[in-house]
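Student: As input, take my_file.csv (CSV, C-alpha atoms and all ligand atoms):
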chain,number,residue,atom,x,y,z
A,679,MET,CA,-39.2,169.7,-17.6
A,680,ASN,CA,-39.9,173.4,-16.8
A,681,LEU,CA,-36.3,174.6,-16.9
A,682,SER,CA,-37.1,178.2,-15.9
A,683,LYS,CA,-38.9,177.1,-12.7
A,684,LEU,CA,-35.9,174.8,-11.8
A,685,GLN,CA,-33.4,177.5,-12.6
A,686,SER,CA,-35.2,179.9,-10.3
A,687,ILE,CA,-34.5,177.5,-7.4
A,688,GLY,CA,-30.8,177.1,-8.4
A,689,TRP,CA,-30.6,174.5,-11.2
A,690,THR,CA,-27.9,175.2,-13.7
A,691,HIS,CA,-26.7,173.5,-16.9
A,692,TYR,CA,-23.7,172.2,-14.9
A,693,PHE,CA,-26.0,169.9,-13.1
A,694,MET,CA,-27.5,168.8,-16.4
A,695,GLN,CA,-24.0,168.0,-17.7
A,696,GLN,CA,-23.5,165.9,-14.6
A,697,LEU,CA,-26.7,164.0,-15.3
A,698,SER,CA,-25.9,163.6,-19.0
A,699,VAL,CA,-22.7,161.7,-18.0
A,700,GLN,CA,-24.4,159.6,-15.5
A,701,LEU,CA,-27.8,158.8,-17.0
A,702,SER,CA,-29.1,156.6,-19.8
A,703,PHE,CA,-30.7,158.3,-22.8
A,704,GLU,CA,-34.1,156.8,-21.7
A,705,ALA,CA,-33.8,158.5,-18.2
A,706,LEU,CA,-32.7,161.8,-19.7
A,707,SER,CA,-35.6,161.9,-22.1
A,708,ALA,CA,-38.0,161.0,-19.3
A,709,ILE,CA,-37.0,164.0,-17.3
A,710,HIS,CA,-37.5,166.2,-20.3
A,711,ASP,CA,-40.9,164.7,-21.0
A,712,THR,CA,-43.5,166.4,-18.8
A,713,ASP,CA,-46.3,164.4,-20.4
A,714,ALA,CA,-44.9,161.0,-19.4
A,715,GLN,CA,-47.5,160.0,-16.9
A,716,THR,CA,-46.8,156.3,-16.6
A,717,VAL,CA,-43.7,154.2,-16.2
A,718,ASN,CA,-40.2,155.6,-15.8
A,719,GLN,CA,-41.3,159.0,-14.9
A,720,TYR,CA,-38.4,161.0,-13.5
A,721,ALA,CA,-38.3,164.4,-11.8
A,722,LEU,CA,-35.7,166.7,-10.3
A,723,PHE,CA,-36.0,168.1,-6.8
A,724,ARG,CA,-33.9,170.3,-4.5
A,725,ILE,CA,-33.6,169.2,-0.9
A,726,THR,CA,-35.0,171.8,1.5
A,727,ALA,CA,-34.9,169.9,4.8
A,728,ILE,CA,-33.9,166.5,6.2
A,729,HIS,CA,-35.8,165.2,9.2
A,730,ARG,CA,-35.4,161.8,10.9
A,731,ASP,CA,-38.2,160.3,9.0
A,732,ARG,CA,-38.8,162.5,6.0
A,733,ILE,CA,-37.0,164.4,3.4
A,734,GLN,CA,-38.6,167.6,2.1
A,735,ALA,CA,-37.8,169.0,-1.3
A,736,ILE,CA,-39.0,171.4,-3.9
A,737,GLY,CA,-39.4,170.8,-7.6
A,738,GLU,CA,-41.2,172.2,-10.5
A,739,SER,CA,-44.5,171.1,-9.1
A,740,GLY,CA,-43.9,172.6,-5.7
A,741,SER,CA,-42.9,171.2,-2.3
A,742,THR,CA,-43.2,167.5,-1.4
A,743,ASP,CA,-41.8,164.8,0.8
A,744,LEU,CA,-39.5,162.3,-1.0
A,745,MET,CA,-39.0,158.6,-0.4
A,746,CYS,CA,-35.5,157.6,0.4
A,747,PRO,CA,-34.4,154.1,-0.4
A,748,PRO,CA,-32.0,152.2,2.0
A,749,GLU,CA,-29.0,152.7,-0.2
A,750,PHE,CA,-29.0,156.4,0.9
A,751,HIS,CA,-29.2,155.6,4.6
A,752,PRO,CA,-28.1,157.1,6.9
A,753,THR,CA,-29.3,160.1,5.0
A,754,SER,CA,-27.0,162.5,6.7
A,755,GLN,CA,-24.1,160.8,5.1
A,756,TYR,CA,-25.4,160.9,1.5
A,757,ILE,CA,-27.7,163.9,1.2
A,758,ALA,CA,-27.6,167.5,2.4
A,759,VAL,CA,-29.9,170.4,2.3
A,760,GLY,CA,-29.3,172.2,-1.0
A,761,ASP,CA,-28.6,169.0,-2.9
A,762,TRP,CA,-30.3,168.2,-6.2
A,763,VAL,CA,-31.7,164.7,-6.6
A,764,LEU,CA,-33.2,162.8,-9.5
A,765,THR,CA,-36.3,160.9,-8.4
A,766,GLU,CA,-38.4,158.2,-9.9
A,767,LYS,CA,-42.1,158.0,-9.7
A,768,ALA,CA,-43.3,155.3,-7.2
A,769,GLU,CA,-47.1,155.2,-7.2
A,770,GLU,CA,-48.1,158.6,-5.9
A,771,HIS,CA,-44.7,159.4,-4.4
A,772,TRP,CA,-41.2,160.3,-5.7
A,773,ARG,CA,-38.3,158.1,-4.7
A,774,ILE,CA,-34.7,159.3,-4.7
A,775,LYS,CA,-32.8,157.5,-7.5
A,776,GLN,CA,-29.6,159.5,-7.7
A,777,ILE,CA,-27.9,162.5,-6.1
A,778,VAL,CA,-26.7,165.0,-8.6
A,779,GLU,CA,-23.0,165.7,-8.1
A,780,PRO,CA,-22.9,169.0,-6.2
A,781,ILE,CA,-20.7,172.0,-7.2
A,782,SER,CA,-19.8,172.5,-3.5
A,783,ARG,CA,-20.4,170.7,-0.3
A,784,LEU,CA,-19.9,172.0,3.2
A,785,LEU,CA,-18.5,169.4,5.6
A,786,ARG,CA,-17.4,169.2,9.2
A,787,LEU,CA,-16.5,166.6,11.6
A,788,SER,CA,-19.3,165.7,14.1
A,789,GLY,CA,-17.9,163.4,16.7
A,790,GLU,CA,-15.9,161.0,14.7
A,791,LYS,CA,-17.9,161.2,11.5
A,792,PRO,CA,-17.9,163.7,8.6
A,793,GLN,CA,-21.2,165.5,8.5
A,794,MET,CA,-22.7,167.3,5.6
A,795,ILE,CA,-24.0,170.7,6.4
A,796,ALA,CA,-25.2,172.0,3.0
A,797,SER,CA,-24.6,171.6,-0.7
A,798,ASN,CA,-24.5,173.7,-3.8
A,799,LEU,CA,-23.7,177.0,-2.2
A,800,ASN,CA,-22.3,180.2,-3.9
A,801,TYR,CA,-21.7,182.1,-0.6
A,802,LEU,CA,-21.1,181.2,3.0
A,803,TRP,CA,-22.4,184.0,5.2
A,804,ILE,CA,-20.4,183.7,8.4
A,805,VAL,CA,-22.4,185.5,11.0
A,806,THR,CA,-21.0,187.0,14.1
A,807,SER,CA,-22.5,189.6,16.5
A,808,ALA,CA,-21.0,192.9,17.6
A,809,ASN,CA,-20.9,191.8,21.3
A,810,GLN,CA,-19.1,189.2,23.4
A,811,ASP,CA,-19.7,186.6,20.7
A,812,PHE,CA,-17.0,188.3,18.6
A,813,ASN,CA,-14.1,185.9,18.3
A,814,VAL,CA,-11.5,186.1,15.6
A,815,LYS,CA,-10.2,182.6,16.1
A,816,ARG,CA,-13.6,181.2,15.6
A,817,LEU,CA,-14.1,183.2,12.4
A,818,GLN,CA,-10.8,181.8,11.1
A,819,ARG,CA,-12.2,178.4,11.6
A,820,TYR,CA,-15.3,179.3,9.5
A,821,LEU,CA,-13.2,180.8,6.8
A,822,THR,CA,-11.2,177.6,6.6
A,823,LEU,CA,-14.5,175.7,6.2
A,824,ALA,CA,-15.5,177.9,3.3
A,825,PHE,CA,-12.1,177.8,1.5
A,826,ASP,CA,-12.0,174.1,1.9
A,827,ALA,CA,-15.4,173.7,0.1
A,828,GLY,CA,-14.5,176.3,-2.5
A,829,ILE,CA,-17.3,178.6,-1.4
A,830,GLU,CA,-17.0,182.4,-1.3
A,831,PRO,CA,-17.0,183.5,2.4
A,832,VAL,CA,-18.8,186.7,3.5
A,833,ILE,CA,-18.5,187.9,7.1
A,834,ILE,CA,-21.6,189.6,8.5
A,835,LEU,CA,-21.3,191.5,11.7
A,836,THR,CA,-24.8,191.6,13.2
A,837,LYS,CA,-26.4,193.7,16.0
A,838,SER,CA,-24.5,196.8,15.0
A,839,ASP,CA,-27.2,198.7,17.0
A,840,LEU,CA,-25.8,197.2,20.2
A,841,CYS,CA,-22.5,199.0,20.2
A,842,SER,CA,-21.1,202.4,19.7
A,843,GLU,CA,-19.7,203.7,16.4
A,844,THR,CA,-16.2,203.5,17.9
A,845,GLN,CA,-16.6,199.9,19.1
A,846,LEU,CA,-18.1,198.9,15.7
A,847,GLY,CA,-15.1,200.5,14.0
A,848,GLU,CA,-12.8,198.4,16.2
A,849,TYR,CA,-14.6,195.2,15.3
A,850,LEU,CA,-14.4,196.1,11.6
A,851,VAL,CA,-10.7,196.8,11.8
A,852,GLN,CA,-10.2,193.3,13.2
A,853,LEU,CA,-12.3,191.8,10.4
A,854,THR,CA,-10.4,193.6,7.7
A,855,GLN,CA,-7.3,191.9,8.9
A,856,LEU,CA,-8.8,188.5,8.0
A,857,ASN,CA,-8.3,186.9,4.6
A,858,CYS,CA,-11.9,187.9,3.6
A,859,SER,CA,-12.6,191.1,1.7
A,860,LEU,CA,-16.3,190.7,1.9
A,861,VAL,CA,-17.3,192.2,5.3
A,862,HIS,CA,-20.6,193.9,6.2
A,863,ALA,CA,-22.1,195.3,9.4
A,864,ILE,CA,-25.9,195.1,9.7
A,865,SER,CA,-28.7,195.4,12.2
A,866,ALA,CA,-31.7,193.2,11.6
A,867,HIS,CA,-33.6,195.1,14.3
A,868,GLN,CA,-33.0,198.5,12.7
A,869,ASN,CA,-32.9,197.3,9.1
A,870,THR,CA,-29.5,198.9,8.6
A,871,GLY,CA,-26.8,197.6,6.3
A,872,LEU,CA,-29.1,195.2,4.6
A,873,THR,CA,-28.9,196.8,1.2
A,874,ASP,CA,-25.2,196.1,1.2
A,875,LEU,CA,-26.1,192.5,0.9
A,876,ALA,CA,-27.8,193.0,-2.5
A,877,PRO,CA,-24.9,191.8,-4.6
A,878,TYR,CA,-25.3,188.3,-3.1
A,879,LEU,CA,-29.0,188.2,-3.7
A,880,HIS,CA,-29.1,187.5,-7.4
A,881,ALA,CA,-31.5,185.0,-9.0
A,882,GLY,CA,-30.4,181.4,-8.7
A,883,SER,CA,-27.8,182.1,-6.0
A,884,SER,CA,-27.5,179.9,-2.9
A,885,ILE,CA,-26.3,181.0,0.5
A,886,ALA,CA,-25.9,179.3,3.9
A,887,LEU,CA,-25.9,181.2,7.2
A,888,VAL,CA,-23.5,179.8,9.7
A,889,GLY,CA,-22.3,181.0,13.1
A,890,SER,CA,-22.8,180.5,16.8
A,891,SER,CA,-26.3,180.2,18.4
A,892,GLY,CA,-27.9,183.6,19.0
A,893,VAL,CA,-25.8,185.7,16.7
A,894,GLY,CA,-28.9,186.6,14.7
A,895,LYS,CA,-28.8,184.2,11.6
A,896,SER,CA,-32.6,183.7,11.6
A,897,SER,CA,-33.3,187.3,12.4
A,898,LEU,CA,-31.2,188.3,9.4
A,899,LEU,CA,-33.1,185.9,7.1
A,900,ASN,CA,-36.4,187.3,8.5
A,901,ALA,CA,-35.3,190.9,7.9
A,902,LEU,CA,-34.3,190.0,4.3
A,903,ALA,CA,-37.5,188.0,3.7
A,904,GLY,CA,-39.8,190.1,5.8
A,905,THR,CA,-40.0,193.0,3.5
A,906,GLN,CA,-40.8,190.5,0.8
A,907,GLN,CA,-43.3,188.5,2.9
A,908,HIS,CA,-41.8,185.1,2.0
A,909,VAL,CA,-40.6,183.1,5.0
A,910,ALA,CA,-43.1,183.6,7.8
A,911,SER,CA,-42.0,180.4,9.4
A,912,VAL,CA,-38.5,181.6,10.2
A,913,ARG,CA,-38.5,183.2,13.6
A,914,GLY,CA,-35.9,184.9,15.8
A,915,ASP,CA,-36.5,184.0,19.4
A,916,ASP,CA,-35.8,186.2,22.3
A,917,ASP,CA,-33.8,183.4,24.0
A,918,LYS,CA,-30.4,184.5,22.8
A,919,GLY,CA,-28.0,181.7,22.2
A,920,LYS,CA,-30.5,179.0,23.1
A,921,HIS,CA,-30.3,177.1,19.9
A,922,THR,CA,-33.6,178.4,18.6
A,923,THR,CA,-33.1,176.9,15.1
A,924,THR,CA,-32.9,173.2,15.4
A,925,ALA,CA,-32.6,171.9,11.9
A,926,ARG,CA,-31.0,173.1,8.7
A,927,GLN,CA,-33.6,174.4,6.3
A,928,LEU,CA,-33.6,176.0,2.9
A,929,PHE,CA,-35.9,179.0,2.3
A,930,PHE,CA,-36.4,181.1,-0.8
A,931,ILE,CA,-36.5,184.8,-0.9
A,932,ASN,CA,-37.0,187.1,-3.8
A,933,SER,CA,-33.8,188.2,-5.6
A,934,VAL,CA,-33.0,191.9,-5.7
A,935,ASP,CA,-31.7,192.0,-9.2
A,936,GLY,CA,-34.8,193.3,-10.8
A,937,ASN,CA,-35.8,189.8,-12.0
A,938,PRO,CA,-39.5,189.5,-11.0
A,939,GLU,CA,-39.3,185.7,-11.0
A,940,GLY,CA,-35.8,185.5,-9.4
A,941,GLN,CA,-35.3,183.6,-6.2
A,942,VAL,CA,-32.4,183.1,-3.8
A,943,ALA,CA,-32.0,180.0,-1.8
A,944,VAL,CA,-31.0,180.8,1.8
A,945,ILE,CA,-30.2,177.9,4.2
A,946,ASP,CA,-30.6,178.7,7.8
A,947,THR,CA,-28.6,176.5,10.1
A,948,PRO,CA,-28.7,175.8,13.9
A,949,GLY,CA,-25.9,177.6,15.8
A,950,MET,CA,-22.8,175.4,16.0
A,951,ARG,CA,-21.4,174.7,19.4
A,952,GLU,CA,-18.1,173.7,17.9
A,953,LEU,CA,-16.7,173.5,14.4
A,954,GLN,CA,-14.4,170.6,14.0
A,955,LEU,CA,-12.5,170.6,10.7
A,956,PHE,CA,-10.8,167.8,8.8
A,957,ASN,CA,-8.7,167.4,5.7
A,958,SER,CA,-8.5,171.2,5.9
A,959,GLU,CA,-4.8,171.9,5.1
A,960,HIS,CA,-5.8,173.7,1.9
A,961,GLY,CA,-8.4,175.9,3.8
A,962,ILE,CA,-6.0,176.6,6.7
A,963,ASN,CA,-3.3,177.7,4.3
A,964,GLU,CA,-5.8,180.0,2.5
A,965,THR,CA,-7.1,181.5,5.7
A,966,PHE,CA,-3.6,182.2,6.9
A,967,SER,CA,-2.2,182.9,3.5
A,968,ASP,CA,0.3,185.4,4.8
A,969,ILE,CA,1.8,182.9,7.2
A,970,HIS,CA,1.7,180.1,4.6
A,971,THR,CA,3.6,182.2,2.1
A,972,LEU,CA,6.3,183.0,4.7
A,973,ALA,CA,6.4,179.3,5.6
A,974,LEU,CA,7.1,178.3,2.0
A,975,ASN,CA,10.2,180.4,2.2
A,976,CYS,CA,11.7,179.0,5.4
A,977,ARG,CA,15.1,177.5,5.0
A,978,PHE,CA,13.9,174.0,5.9
A,979,SER,CA,10.8,172.7,4.0
A,980,ASP,CA,9.7,170.9,7.2
A,981,CYS,CA,10.3,173.9,9.4
A,982,HIS,CA,8.2,173.9,12.6
A,983,HIS,CA,8.8,177.7,13.0
A,984,ALA,CA,10.2,177.0,16.4
A,985,GLU,CA,14.0,177.3,16.8
A,986,GLU,CA,15.1,176.5,13.3
A,987,PRO,CA,17.6,178.9,11.6
A,988,GLY,CA,16.3,180.8,8.5
A,989,CYS,CA,12.7,180.7,9.7
A,990,LYS,CA,10.8,183.4,7.9
A,991,VAL,CA,7.7,183.0,10.1
A,992,ARG,CA,9.6,183.6,13.3
A,993,GLN,CA,11.3,186.6,11.7
A,994,ALA,CA,7.9,188.0,10.8
A,995,LEU,CA,6.6,187.3,14.4
A,996,GLU,CA,9.6,189.1,15.9
A,997,ALA,CA,9.2,192.0,13.5
A,998,GLY,CA,5.5,192.2,14.4
A,999,THR,CA,4.3,191.8,10.8
A,1000,ILE,CA,2.2,188.8,11.7
A,1001,LYS,CA,0.2,188.4,14.9
A,1002,THR,CA,1.1,185.9,17.6
A,1003,SER,CA,-2.6,185.0,18.0
A,1004,ASP,CA,-2.9,184.2,14.3
A,1005,PHE,CA,0.2,182.1,14.3
A,1006,GLU,CA,-1.1,180.2,17.4
A,1007,ASN,CA,-4.4,179.5,15.7
A,1008,TYR,CA,-2.7,178.5,12.5
A,1009,LEU,CA,-0.7,175.9,14.4
A,1010,LYS,CA,-3.7,174.8,16.4
A,1011,LEU,CA,-5.8,174.1,13.3
A,1012,LEU,CA,-2.9,172.3,11.6
A,1013,ARG,CA,-2.5,170.1,14.6
A,1014,GLU,CA,-6.2,169.3,14.7
A,1015,ASP,CA,-6.1,168.5,11.0
A,1016,GLU,CA,-3.0,166.3,11.4
A,1017,TYR,CA,-4.8,164.5,14.3
A,1018,ALA,CA,-7.9,163.9,12.2
A,1019,LYS,CA,-5.7,162.6,9.3
A,1020,ARG,CA,-3.9,160.2,11.6
A,1021,ARG,CA,-7.1,158.8,12.8
A,1022,GLY,CA,-8.3,158.4,9.2
A,1023,LEU,CA,-11.3,160.6,9.6
A,1024,GLY,CA,-12.9,161.6,6.4
A,1025,ASN,CA,-11.8,160.8,2.9
A,1026,HIS,CA,-8.9,162.9,1.8
A,1027,GLU,CA,-9.2,162.0,-1.9
A,1028,GLU,CA,-12.9,162.9,-1.9
A,1029,ARG,CA,-12.1,166.4,-0.5
A,1030,LYS,CA,-9.4,166.9,-3.1
A,1031,TYR,CA,-11.7,166.0,-5.8
A,1032,GLN,CA,-14.5,168.3,-4.5
A,1033,ARG,CA,-12.2,171.2,-4.4
A,1034,ALA,CA,-10.8,170.6,-7.9
A,1035,PHE,CA,-14.3,170.2,-9.2
A,1036,SER,CA,-15.7,173.4,-7.6
A,1037,LYS,CA,-12.6,175.3,-8.9
A,1038,MET,CA,-13.3,174.1,-12.4
A,1039,VAL,CA,-17.0,175.1,-12.2
A,1040,LYS,CA,-16.0,178.6,-11.0
A,1041,THR,CA,-13.6,179.0,-13.9
A,1042,MET,CA,-16.2,177.9,-16.3
A,1043,LYS,CA,-18.7,180.4,-14.8
A,1044,LYS,CA,-16.2,183.2,-15.0
A,1045,GLU,CA,-15.4,182.4,-18.5
A,1046,ASN,CA,-19.1,182.2,-19.3
A,1047,TRP,CA,-19.0,178.6,-20.7
B,1,LIG,N1,-30.2,194.2,19.2
B,1,LIG,C1,-30.3,193.3,18.2
B,1,LIG,N2,-30.7,192.0,18.5
B,1,LIG,C2,-30.8,191.1,17.5
B,1,LIG,C3,-30.4,191.5,16.2
B,1,LIG,N3,-30.6,190.3,15.4
B,1,LIG,C4,-31.0,189.4,16.3
B,1,LIG,N4,-31.1,189.8,17.5
B,1,LIG,C5,-31.6,189.1,18.7
B,1,LIG,O1,-30.7,188.0,19.0
B,1,LIG,C6,-31.4,186.9,19.5
B,1,LIG,C7,-31.0,185.7,18.7
B,1,LIG,O2,-31.4,185.8,17.3
B,1,LIG,P1,-31.7,184.6,16.3
B,1,LIG,O3,-31.9,185.2,15.0
B,1,LIG,O4,-32.6,183.7,16.9
B,1,LIG,O5,-30.2,184.0,16.4
B,1,LIG,P2,-29.7,182.7,15.6
B,1,LIG,O6,-28.3,182.9,15.2
B,1,LIG,O7,-30.7,182.3,14.6
B,1,LIG,O8,-29.7,181.6,16.8
B,1,LIG,P3,-29.8,180.0,16.7
B,1,LIG,O9,-31.0,179.7,15.9
B,1,LIG,O10,-29.9,179.5,18.1
B,1,LIG,O11,-28.6,179.5,16.0
B,1,LIG,C8,-32.9,187.3,19.4
B,1,LIG,O12,-33.3,187.7,20.7
B,1,LIG,C9,-32.9,188.4,18.4
B,1,LIG,O13,-34.0,189.3,18.6
B,1,LIG,C10,-30.0,192.8,15.9
B,1,LIG,O14,-29.7,193.2,14.8
B,1,LIG,N5,-30.0,193.7,17.0
B,2,MG,MG,-31.7,180.6,14.2
B,3,ZN,ZN,9.7,178.4,9.7
Once more with this new file: its structure as structure tokens, please.
Tutor:
Amino acid sequence: MNLSKLQSIGWTHYFMQQLSVQLSFEALSAIHDTDAQTVNQYALFRITAIHRDRIQAIGESGSTDLMCPPEFHPTSQYIAVGDWVLTEKAEEHWRIKQIVEPISRLLRLSGEKPQMIASNLNYLWIVTSANQDFNVKRLQRYLTLAFDAGIEPVIILTKSDLCSETQLGEYLVQLTQLNCSLVHAISAHQNTGLTDLAPYLHAGSSIALVGSSGVGKSSLLNALAGTQQHVASVRGDDDKGKHTTTARQLFFINSVDGNPEGQVAVIDTPGMRELQLFNSEHGINETFSDIHTLALNCRFSDCHHAEEPGCKVRQALEAGTIKTSDFENYLKLLREDEYAKRRGLGNHEERKYQRAFSKMVKTMKKENW
């Protein structure tokens, strides 16, 4: 196994620890043995795109299509772009044998079913444009998505060239009121603000771009990659908001940390028409942490913040220390979450496990385990 090649596309020893727990000694030795040409040859790949009839991935030998056995069908319920998979040689192809437990997984509800958006992310770049697309309530929804998955959210305000300095300032003031300290204004057309994104573009890091159609996700990726000539196939289209990008796809761009071999995985996603959340109580409470903290101090633990005496939330609303629109969105998201829960959508235990797991990985990383 060429570890440095795999590390450059996001592999870390945490994944290896996962495999060590799950695999037999024979299988583990086989991945390490690059000379094993015959039986039981295994290899690791990272999923770059999932199409109806094929799964594209990249491994130490480059890009390839993987075979997907029936136990992983329908694929959208088992595998997401960004996942690592262990594969087994099957004649001249590689067949998926196992999905390596991800450090994070971005999920939403699509219709009645949980849908995986992407896996193994360090940052969620929430993209919004400095024009009529700008919508604080929608951004709070995306923040909830990130917090739920244990992924660091970053808000990127695009098309700063389209508005005046004053207007841009007003947008930024609204963004600084959100529970997200990482906010950047950029213009992909004028190449401004892009250098501020350097701290996220370190070797081995993985980012997904999300946001409505037409906000400039692909253009941002192009602007970052363009100077480095890496992702010619990503195109911004002039048809603003016309769902130009049609499938989630993982690209690699050069890192900007001085590491000549360093790569950053960036997943471009199609604009979302709607973002339905589920099992998101944790994320909602984190997005609206000020309201949540007040609610914990209401006289009644089951306070609805309506007419109850001793309601700290109502007091804060009356004093103007929290915004009515935030409170309304907080209640709306909680109601939606409750509705999804009552209908049994998604697996609550699974989400709890995911969050606990990604928290543990973060702590381990912080403490340099
Ligand atoms: N003025 C201006 N226009 C931009 C900028 N970035 C993107 N655009 C334009 O906005 C339109 C949509 O850009 P895309 O990058 O395709 O948007 P997207 O978010 O990828 O859209 P979907 O793929 O549909 O989700 C295109 O016409 C771009 O040229 C910018 O910084 N300034
Ligand atoms: Mg796009
Ligand atoms: Zn209350």
Student: Using all atoms listed in the file, find each residue of chain A with at least one atom at most 6 Å away from an atom of ligand MG 2 (chain B); report its shortest atom-to-atom pair and that distance in Å (one decimal), sort the rows by chain and rising residue number, and return the result as JSON lines.
Tutor:
{"residue": "A:Lys895", "atom": "CA", "partner": "B:MG2", "partner_atom": "MG", "distance": 5.3}
{"residue": "A:Ser896", "atom": "CA", "partner": "B:MG2", "partner_atom": "MG", "distance": 4.1}
{"residue": "A:Thr922", "atom": "CA", "partner": "B:MG2", "partner_atom": "MG", "distance": 5.3}
{"residue": "A:Thr923", "atom": "CA", "partner": "B:MG2", "partner_atom": "MG", "distance": 4.1}
{"residue": "A:Pro948", "atom": "CA", "partner": "B:MG2", "partner_atom": "MG", "distance": 5.7}
Student: As an MDAnalysis selection string, please: the residues near Thr870 in chain A (cut-off 12 Å, all atoms listed in the file, same-chain neighbours under 2 positions excluded).
Tutor: chainID A and resid 835:839 862:868 872:875 898 901:902
Student: Within 9 Å of range 991-1001 of chain A, counting all atoms listed in the file, which residues show up once you throw out same-chain ones fewer than 6 positions away? Write them as a PDB file with C-alpha atoms, in the frame of the given file, please.
Tutor:
ATOM      1  CA  ASP A 968       0.300 185.400   4.800  1.00  0.00           C
ATOM      2  CA  ILE A 969       1.800 182.900   7.200  1.00  0.00           C
ATOM      3  CA  HIS A 970       1.700 180.100   4.600  1.00  0.00           C
ATOM      4  CA  LEU A 972       6.300 183.000   4.700  1.00  0.00           C
ATOM      5  CA  ALA A 973       6.400 179.300   5.600  1.00  0.00           C
ATOM      6  CA  ASN A 975      10.200 180.400   2.200  1.00  0.00           C
ATOM      7  CA  CYS A 976      11.700 179.000   5.400  1.00  0.00           C
ATOM      8  CA  HIS A 983       8.800 177.700  13.000  1.00  0.00           C
ATOM      9  CA  ALA A 984      10.200 177.000  16.400  1.00  0.00           C
ATOM     10  CA  GLU A 985      14.000 177.300  16.800  1.00  0.00           C
TER      11      GLU A 985
END
Student: My list of candidates is A:Asp980, A:Glu1014, A:Asp946, A:Glu986. Which is closest to ligand LIG 1 (chain B) when distances are computed with all atoms listed in the file?
Tutor: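 Of the candidates, the smallest distance to ligand LIG 1 (chain B) is held by A:Asp946.
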Student: Could you give me, as a ChimeraX atom specification, the residues within 10 Å of Arg730 in chain A, counting only C-alpha atoms and dropping anything in the same chain fewer than 5 positions from it?
Tutor: /A:752-754
Student: Take CA of Ile795 in chain A and CA of Ala886 in chain A and report the distance between them in Å, one decimal.
Tutor: 9.2 Å
Student: Using only C-alpha atoms, find the one residue out of A:Leu846, A:Phe812, A:Thr806, A:Ser883 that sits nearest to Ile829 in chain A.
Tutor: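 Using only C-alpha atoms, the shortest distance to Ile829 in chain A belongs to A:Ser883.
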Student: Calculate how many Å separate CA of Ser897 in chain A from CA of Asn813 in chain A, rounding to one decimal.
Tutor: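 CA of Asn813 in chain A lies at a distance of 20.1 Å from CA of Ser897 in chain A.
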Student: Distance CA of Leu1012 in chain A-CA of Gly949 in chain A, one decimal place?
Tutor: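 Atom-to-atom, CA of Leu1012 in chain A and CA of Gly949 in chain A are spaced 24.0 Å apart.
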